[in-house]
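*Asks:* What follows is a single structure, and I will ask about it in a moment.
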Amino acid sequence: MKNPLDPRHKKRQRLVEDLFRKEFHDQPIDLKALDIFSHIDFIDKNIQKAAPEFPIEKINRADLAILRLAIYELLIEKKQPPKAIIDEAIELAKEYGGETSPSFINGALGNIVQNNYDNTSQI
């Protein structure tokens, strides 16, 4: 992220907010967020592989929304370079997460890229 006003960053902010909101309320969300939710089992399995010491239900909901978006972009969408996706996820973690969120997000996504998890089992 070069600029917090970058339209791509703003779109990711809205997506993270939609993903977070969907955890608690049944409200209309962005079509891309719906697509992310259509792959939620695959995405969550990859989160578990990347951070096995943190069960999905124990992960901070803001961090979980950021991870879901980033894993969707890394393993399903594949339109951006992994480094750009991870950098953007870390920036989102600084904005929405807690004190340890950026390092947690970086570590989990780094594991996914480093281990090149199989994405052939998509839903």
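Just remember, in the structure tokens the first chain shown is A, the second B, etc., residues are 1-based per chain, and ligands are 1-based in the order shown.
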I'd like the contact shell of Asp63 (chain A) - 8 Å cut-off, only C-alpha atoms, skipping same-chain residues fewer than 5 positions apart - returned as a list in words.
*Replies:*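 In the requested form, the answer reads Ala93, Tyr96, Gly97, Ser101 and Ile105 of chain A.
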*Asks:* For the selection just defined, write its residues with N, CA and C atoms to a file, as a PDB file, in the first residue's frame.
*Replies:*
ATOM      1  N   ALA A  93      -4.178  -5.134   9.040  1.00  0.00           N
ATOM      2  CA  ALA A  93      -4.063  -5.598  10.427  1.00  0.00           C
ATOM      3  C   ALA A  93      -3.667  -4.451  11.354  1.00  0.00           C
ATOM      4  N   TYR A  96      -7.087  -2.448  11.665  1.00  0.00           N
ATOM      5  CA  TYR A  96      -8.260  -3.091  12.256  1.00  0.00           C
ATOM      6  C   TYR A  96      -7.954  -4.039  13.409  1.00  0.00           C
ATOM      7  N   GLY A  97      -6.760  -4.547  13.467  1.00  0.00           N
ATOM      8  CA  GLY A  97      -6.433  -5.566  14.452  1.00  0.00           C
ATOM      9  C   GLY A  97      -5.848  -5.007  15.729  1.00  0.00           C
ATOM     10  N   SER A 101      -1.624  -8.317  15.872  1.00  0.00           N
ATOM     11  CA  SER A 101      -2.243  -8.719  14.604  1.00  0.00           C
ATOM     12  C   SER A 101      -1.293  -8.682  13.411  1.00  0.00           C
ATOM     13  N   ILE A 105      -0.686 -12.062  11.236  1.00  0.00           N
ATOM     14  CA  ILE A 105      -1.096 -12.107   9.823  1.00  0.00           C
ATOM     15  C   ILE A 105       0.117 -12.399   8.943  1.00  0.00           C
TER      16      ILE A 105
END
*Asks:* Please return as number ranges by chain: the residues of region 1-112 of chain A that backbone DSSP assigns to helix (DSSP H, G or I).
*Replies:* A: 7-24, 31-38, 40-50, 56-58, 61-77, 82-96, 101-112
*Asks:* Write out as an MDAnalysis selection string the residues lying within 9 Å of region 10-18 of chain A, counting only C-alpha atoms and excluding same-chain residues fewer than 5 positions away.
*Replies:* chainID A and resid 4:5 23 27:30 32:33 62 65:66 68:69 88:89 92 96
*Asks:* Those same residues, written as a PDB file, in the first residue's frame with N, CA, C and O atoms?
*Replies:*
ATOM      1  N   PRO A   4      -2.981   5.472   1.699  1.00  0.00           N
ATOM      2  CA  PRO A   4      -4.222   4.983   2.319  1.00  0.00           C
ATOM      3  C   PRO A   4      -5.473   5.357   1.519  1.00  0.00           C
ATOM      4  O   PRO A   4      -6.548   4.827   1.775  1.00  0.00           O
ATOM      5  N   LEU A   5      -5.336   6.246   0.564  1.00  0.00           N
ATOM      6  CA  LEU A   5      -6.473   6.627  -0.268  1.00  0.00           C
ATOM      7  C   LEU A   5      -6.511   5.844  -1.576  1.00  0.00           C
ATOM      8  O   LEU A   5      -7.392   6.061  -2.402  1.00  0.00           O
ATOM      9  N   GLU A  23     -19.919 -12.038  10.113  1.00  0.00           N
ATOM     10  CA  GLU A  23     -19.764 -12.936  11.266  1.00  0.00           C
ATOM     11  C   GLU A  23     -20.843 -12.690  12.323  1.00  0.00           C
ATOM     12  O   GLU A  23     -21.181 -13.590  13.075  1.00  0.00           O
ATOM     13  N   GLN A  27     -26.426  -9.068   6.947  1.00  0.00           N
ATOM     14  CA  GLN A  27     -26.642  -7.840   6.194  1.00  0.00           C
ATOM     15  C   GLN A  27     -26.127  -8.031   4.770  1.00  0.00           C
ATOM     16  O   GLN A  27     -25.284  -8.884   4.524  1.00  0.00           O
ATOM     17  N   PRO A  28     -26.615  -7.218   3.840  1.00  0.00           N
ATOM     18  CA  PRO A  28     -26.104  -7.320   2.474  1.00  0.00           C
ATOM     19  C   PRO A  28     -24.599  -7.013   2.449  1.00  0.00           C
ATOM     20  O   PRO A  28     -24.132  -6.114   3.156  1.00  0.00           O
ATOM     21  N   ILE A  29     -23.863  -7.775   1.636  1.00  0.00           N
ATOM     22  CA  ILE A  29     -22.425  -7.567   1.518  1.00  0.00           C
ATOM     23  C   ILE A  29     -22.024  -7.551   0.051  1.00  0.00           C
ATOM     24  O   ILE A  29     -22.775  -7.966  -0.823  1.00  0.00           O
ATOM     25  N   ASP A  30     -20.827  -7.073  -0.206  1.00  0.00           N
ATOM     26  CA  ASP A  30     -20.238  -6.977  -1.531  1.00  0.00           C
ATOM     27  C   ASP A  30     -20.233  -8.344  -2.221  1.00  0.00           C
ATOM     28  O   ASP A  30     -20.091  -9.375  -1.566  1.00  0.00           O
ATOM     29  N   LYS A  32     -17.921  -9.666  -4.023  1.00  0.00           N
ATOM     30  CA  LYS A  32     -16.651 -10.358  -3.808  1.00  0.00           C
ATOM     31  C   LYS A  32     -16.636 -11.012  -2.428  1.00  0.00           C
ATOM     32  O   LYS A  32     -16.128 -12.119  -2.271  1.00  0.00           O
ATOM     33  N   ALA A  33     -17.214 -10.357  -1.444  1.00  0.00           N
ATOM     34  CA  ALA A  33     -17.299 -10.954  -0.106  1.00  0.00           C
ATOM     35  C   ALA A  33     -18.164 -12.215  -0.158  1.00  0.00           C
ATOM     36  O   ALA A  33     -17.857 -13.212   0.490  1.00  0.00           O
ATOM     37  N   ALA A  62     -11.460  -9.661  13.529  1.00  0.00           N
ATOM     38  CA  ALA A  62     -10.868  -8.741  12.549  1.00  0.00           C
ATOM     39  C   ALA A  62      -9.708  -9.434  11.836  1.00  0.00           C
ATOM     40  O   ALA A  62      -9.585  -9.356  10.605  1.00  0.00           O
ATOM     41  N   ALA A  65     -11.069 -11.977   9.353  1.00  0.00           N
ATOM     42  CA  ALA A  65     -11.571 -11.352   8.120  1.00  0.00           C
ATOM     43  C   ALA A  65     -10.405 -10.989   7.195  1.00  0.00           C
ATOM     44  O   ALA A  65     -10.474 -11.214   5.979  1.00  0.00           O
ATOM     45  N   ILE A  66      -9.334 -10.453   7.757  1.00  0.00           N
ATOM     46  CA  ILE A  66      -8.158 -10.083   6.958  1.00  0.00           C
ATOM     47  C   ILE A  66      -7.516 -11.327   6.353  1.00  0.00           C
ATOM     48  O   ILE A  66      -7.173 -11.349   5.168  1.00  0.00           O
ATOM     49  N   ARG A  68      -8.940 -14.215   5.728  1.00  0.00           N
ATOM     50  CA  ARG A  68      -9.818 -14.785   4.705  1.00  0.00           C
ATOM     51  C   ARG A  68      -9.692 -14.040   3.379  1.00  0.00           C
ATOM     52  O   ARG A  68      -9.616 -14.663   2.322  1.00  0.00           O
ATOM     53  N   LEU A  69      -9.667 -12.727   3.442  1.00  0.00           N
ATOM     54  CA  LEU A  69      -9.497 -11.953   2.221  1.00  0.00           C
ATOM     55  C   LEU A  69      -8.145 -12.243   1.571  1.00  0.00           C
ATOM     56  O   LEU A  69      -8.066 -12.509   0.371  1.00  0.00           O
ATOM     57  N   GLU A  88      -0.381  -5.682   2.008  1.00  0.00           N
ATOM     58  CA  GLU A  88      -1.674  -5.038   2.191  1.00  0.00           C
ATOM     59  C   GLU A  88      -2.394  -5.625   3.409  1.00  0.00           C
ATOM     60  O   GLU A  88      -3.000  -4.891   4.197  1.00  0.00           O
ATOM     61  N   ALA A  89      -2.309  -6.935   3.591  1.00  0.00           N
ATOM     62  CA  ALA A  89      -2.948  -7.572   4.747  1.00  0.00           C
ATOM     63  C   ALA A  89      -2.338  -7.061   6.054  1.00  0.00           C
ATOM     64  O   ALA A  89      -3.056  -6.832   7.034  1.00  0.00           O
ATOM     65  N   LEU A  92      -3.744  -3.667   6.724  1.00  0.00           N
ATOM     66  CA  LEU A  92      -5.108  -3.788   7.240  1.00  0.00           C
ATOM     67  C   LEU A  92      -5.101  -4.235   8.695  1.00  0.00           C
ATOM     68  O   LEU A  92      -5.908  -3.775   9.498  1.00  0.00           O
ATOM     69  N   TYR A  96      -7.087  -2.448  11.665  1.00  0.00           N
ATOM     70  CA  TYR A  96      -8.260  -3.091  12.256  1.00  0.00           C
ATOM     71  C   TYR A  96      -7.954  -4.039  13.409  1.00  0.00           C
ATOM     72  O   TYR A  96      -8.839  -4.327  14.203  1.00  0.00           O
TER      73      TYR A  96
END
*Asks:* Can you work out the spacing between CA of Glu95 (chain A) and CA of Val113 (chain A) in Å, to one decimal?
*Replies:*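 Separation between CA of Glu95 (chain A) and CA of Val113 (chain A): 22.9 Å.
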*Asks:* Taking 2 positions as the minimum chain separation for residues in the same chain, which residues sit within 12 Å of Gln48 (chain A) when counting only C-alpha atoms? Answer as a ChimeraX atom specification.
*Replies:* /A:41-46,50-59,64,67-68,71,108-109,111-112,117
*Asks:* Selected residues, N, CA, C and O atoms, written as a tab-separated table (two decimals), in the first residue's frame, please.
*Replies:*
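Listed below is the output, out.tsv:
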chain	number	residue	atom	x	y	z
A	41	ASP	N	-14.88	-22.84	3.46
A	41	ASP	CA	-14.31	-24.08	4.00
A	41	ASP	C	-12.86	-24.26	3.55
A	41	ASP	O	-11.99	-24.59	4.36
A	42	PHE	N	-12.61	-24.04	2.28
A	42	PHE	CA	-11.26	-24.14	1.73
A	42	PHE	C	-10.33	-23.11	2.40
A	42	PHE	O	-9.22	-23.42	2.81
A	43	ILE	N	-10.80	-21.88	2.52
A	43	ILE	CA	-10.00	-20.81	3.11
A	43	ILE	C	-9.69	-21.13	4.58
A	43	ILE	O	-8.54	-21.02	5.01
A	44	ASP	N	-10.70	-21.52	5.33
A	44	ASP	CA	-10.50	-21.82	6.75
A	44	ASP	C	-9.58	-23.02	6.95
A	44	ASP	O	-8.80	-23.06	7.90
A	45	LYS	N	-9.64	-24.02	6.07
A	45	LYS	CA	-8.71	-25.15	6.17
A	45	LYS	C	-7.28	-24.68	5.99
A	45	LYS	O	-6.36	-25.16	6.66
A	46	ASN	N	-7.07	-23.73	5.09
A	46	ASN	CA	-5.73	-23.19	4.88
A	46	ASN	C	-5.27	-22.34	6.06
A	46	ASN	O	-4.09	-22.34	6.39
A	50	ALA	N	-1.93	-23.06	8.23
A	50	ALA	CA	-0.92	-22.01	8.39
A	50	ALA	C	-0.71	-21.62	9.85
A	50	ALA	O	0.39	-21.19	10.22
A	51	ALA	N	-1.74	-21.76	10.67
A	51	ALA	CA	-1.64	-21.38	12.09
A	51	ALA	C	-2.34	-22.43	12.94
A	51	ALA	O	-3.38	-22.16	13.56
A	52	PRO	N	-1.79	-23.66	12.99
A	52	PRO	CA	-2.48	-24.75	13.68
A	52	PRO	C	-2.66	-24.53	15.18
A	52	PRO	O	-3.56	-25.12	15.78
A	53	GLU	N	-1.85	-23.68	15.77
A	53	GLU	CA	-1.99	-23.43	17.21
A	53	GLU	C	-3.14	-22.47	17.54
A	53	GLU	O	-3.43	-22.23	18.70
A	54	PHE	N	-3.79	-21.92	16.50
A	54	PHE	CA	-4.91	-20.99	16.70
A	54	PHE	C	-6.16	-21.54	16.02
A	54	PHE	O	-6.34	-21.36	14.82
A	55	PRO	N	-7.06	-22.18	16.77
A	55	PRO	CA	-8.31	-22.65	16.17
A	55	PRO	C	-9.11	-21.46	15.61
A	55	PRO	O	-9.07	-20.35	16.17
A	56	ILE	N	-9.81	-21.68	14.54
A	56	ILE	CA	-10.58	-20.61	13.87
A	56	ILE	C	-11.46	-19.86	14.87
A	56	ILE	O	-11.51	-18.64	14.85
A	57	GLU	N	-12.14	-20.59	15.75
A	57	GLU	CA	-13.07	-19.92	16.68
A	57	GLU	C	-12.36	-19.07	17.72
A	57	GLU	O	-13.00	-18.25	18.38
A	58	LYS	N	-11.04	-19.22	17.86
A	58	LYS	CA	-10.27	-18.43	18.83
A	58	LYS	C	-9.57	-17.22	18.21
A	58	LYS	O	-9.05	-16.37	18.92
A	59	ILE	N	-9.55	-17.15	16.89
A	59	ILE	CA	-8.88	-16.04	16.21
A	59	ILE	C	-9.74	-14.79	16.29
A	59	ILE	O	-10.96	-14.84	16.07
A	64	LEU	N	-9.32	-12.62	11.45
A	64	LEU	CA	-9.89	-13.67	10.63
A	64	LEU	C	-10.41	-13.11	9.30
A	64	LEU	O	-10.19	-13.71	8.24
A	67	LEU	N	-7.36	-12.37	7.15
A	67	LEU	CA	-6.78	-13.63	6.65
A	67	LEU	C	-7.64	-14.22	5.54
A	67	LEU	O	-7.11	-14.70	4.52
A	68	ARG	N	-8.94	-14.21	5.73
A	68	ARG	CA	-9.82	-14.78	4.71
A	68	ARG	C	-9.69	-14.04	3.38
A	68	ARG	O	-9.62	-14.66	2.32
A	71	ILE	N	-6.09	-14.83	1.91
A	71	ILE	CA	-5.97	-16.20	1.40
A	71	ILE	C	-6.79	-16.37	0.14
A	71	ILE	O	-6.36	-17.03	-0.81
A	108	ALA	N	1.17	-16.15	9.39
A	108	ALA	CA	0.23	-17.10	8.78
A	108	ALA	C	0.32	-17.06	7.26
A	108	ALA	O	0.40	-18.10	6.60
A	109	LEU	N	0.32	-15.86	6.70
A	109	LEU	CA	0.38	-15.74	5.23
A	109	LEU	C	1.75	-16.17	4.71
A	109	LEU	O	1.84	-16.77	3.63
A	111	ASN	N	3.55	-18.53	5.98
A	111	ASN	CA	3.48	-20.00	5.96
A	111	ASN	C	2.77	-20.50	4.71
A	111	ASN	O	3.18	-21.49	4.11
A	112	ILE	N	1.71	-19.84	4.33
A	112	ILE	CA	0.96	-20.26	3.15
A	112	ILE	C	1.81	-20.13	1.90
A	112	ILE	O	1.89	-21.04	1.09
A	117	TYR	N	0.69	-24.11	-0.20
A	117	TYR	CA	-0.41	-25.03	0.06
A	117	TYR	C	-1.19	-25.31	-1.20
A	117	TYR	O	-1.41	-24.46	-2.05
*Asks:* Nearest to Ile86 (chain A) among A:Gly110, A:Thr100, A:Lys49, A:Arg21, with distances taken over only C-alpha atoms: which residue is it?
*Replies:*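 Using only C-alpha atoms, Ile86 (chain A) sits closest to A:Gly110.
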*Asks:* Between A:Phe24, A:Ile40, A:Leu31, A:Gln80, which residue has the minimum interatomic distance to Arg61 (chain A), considering only C-alpha atoms?
*Replies:*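 So, comparing all the options, the nearest one is A:Phe24.
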*Asks:* Which residue, A:Gly98, A:Gln114, A:Leu34, A:Ser103, has the smallest gap to Leu74 (chain A) when you use only C-alpha atoms?
*Replies:*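 Closest candidate: A:Gln114.
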*Asks:* Of the candidates A:Phe20, A:Asp6, A:Ile90, A:Leu75, which shows the shortest atom-to-atom distance to His39 (chain A), using only C-alpha atoms?
*Replies:*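 When distances to His39 (chain A) are compared using only C-alpha atoms, the smallest one comes from A:Leu75.
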*Asks:* Could you state the separation of CA of Ile85 (chain A) and CA of Phe37 (chain A) in Å, given to one decimal place?
*Replies:*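 Interatomic distance, CA of Ile85 (chain A) to CA of Phe37 (chain A): 18.5 Å.
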*Asks:* Work out how far CA of Tyr72 (chain A) is from CA of Ile36 (chain A), in Å to one decimal.
*Replies:*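 Separation between CA of Ile36 (chain A) and CA of Tyr72 (chain A): 6.4 Å.
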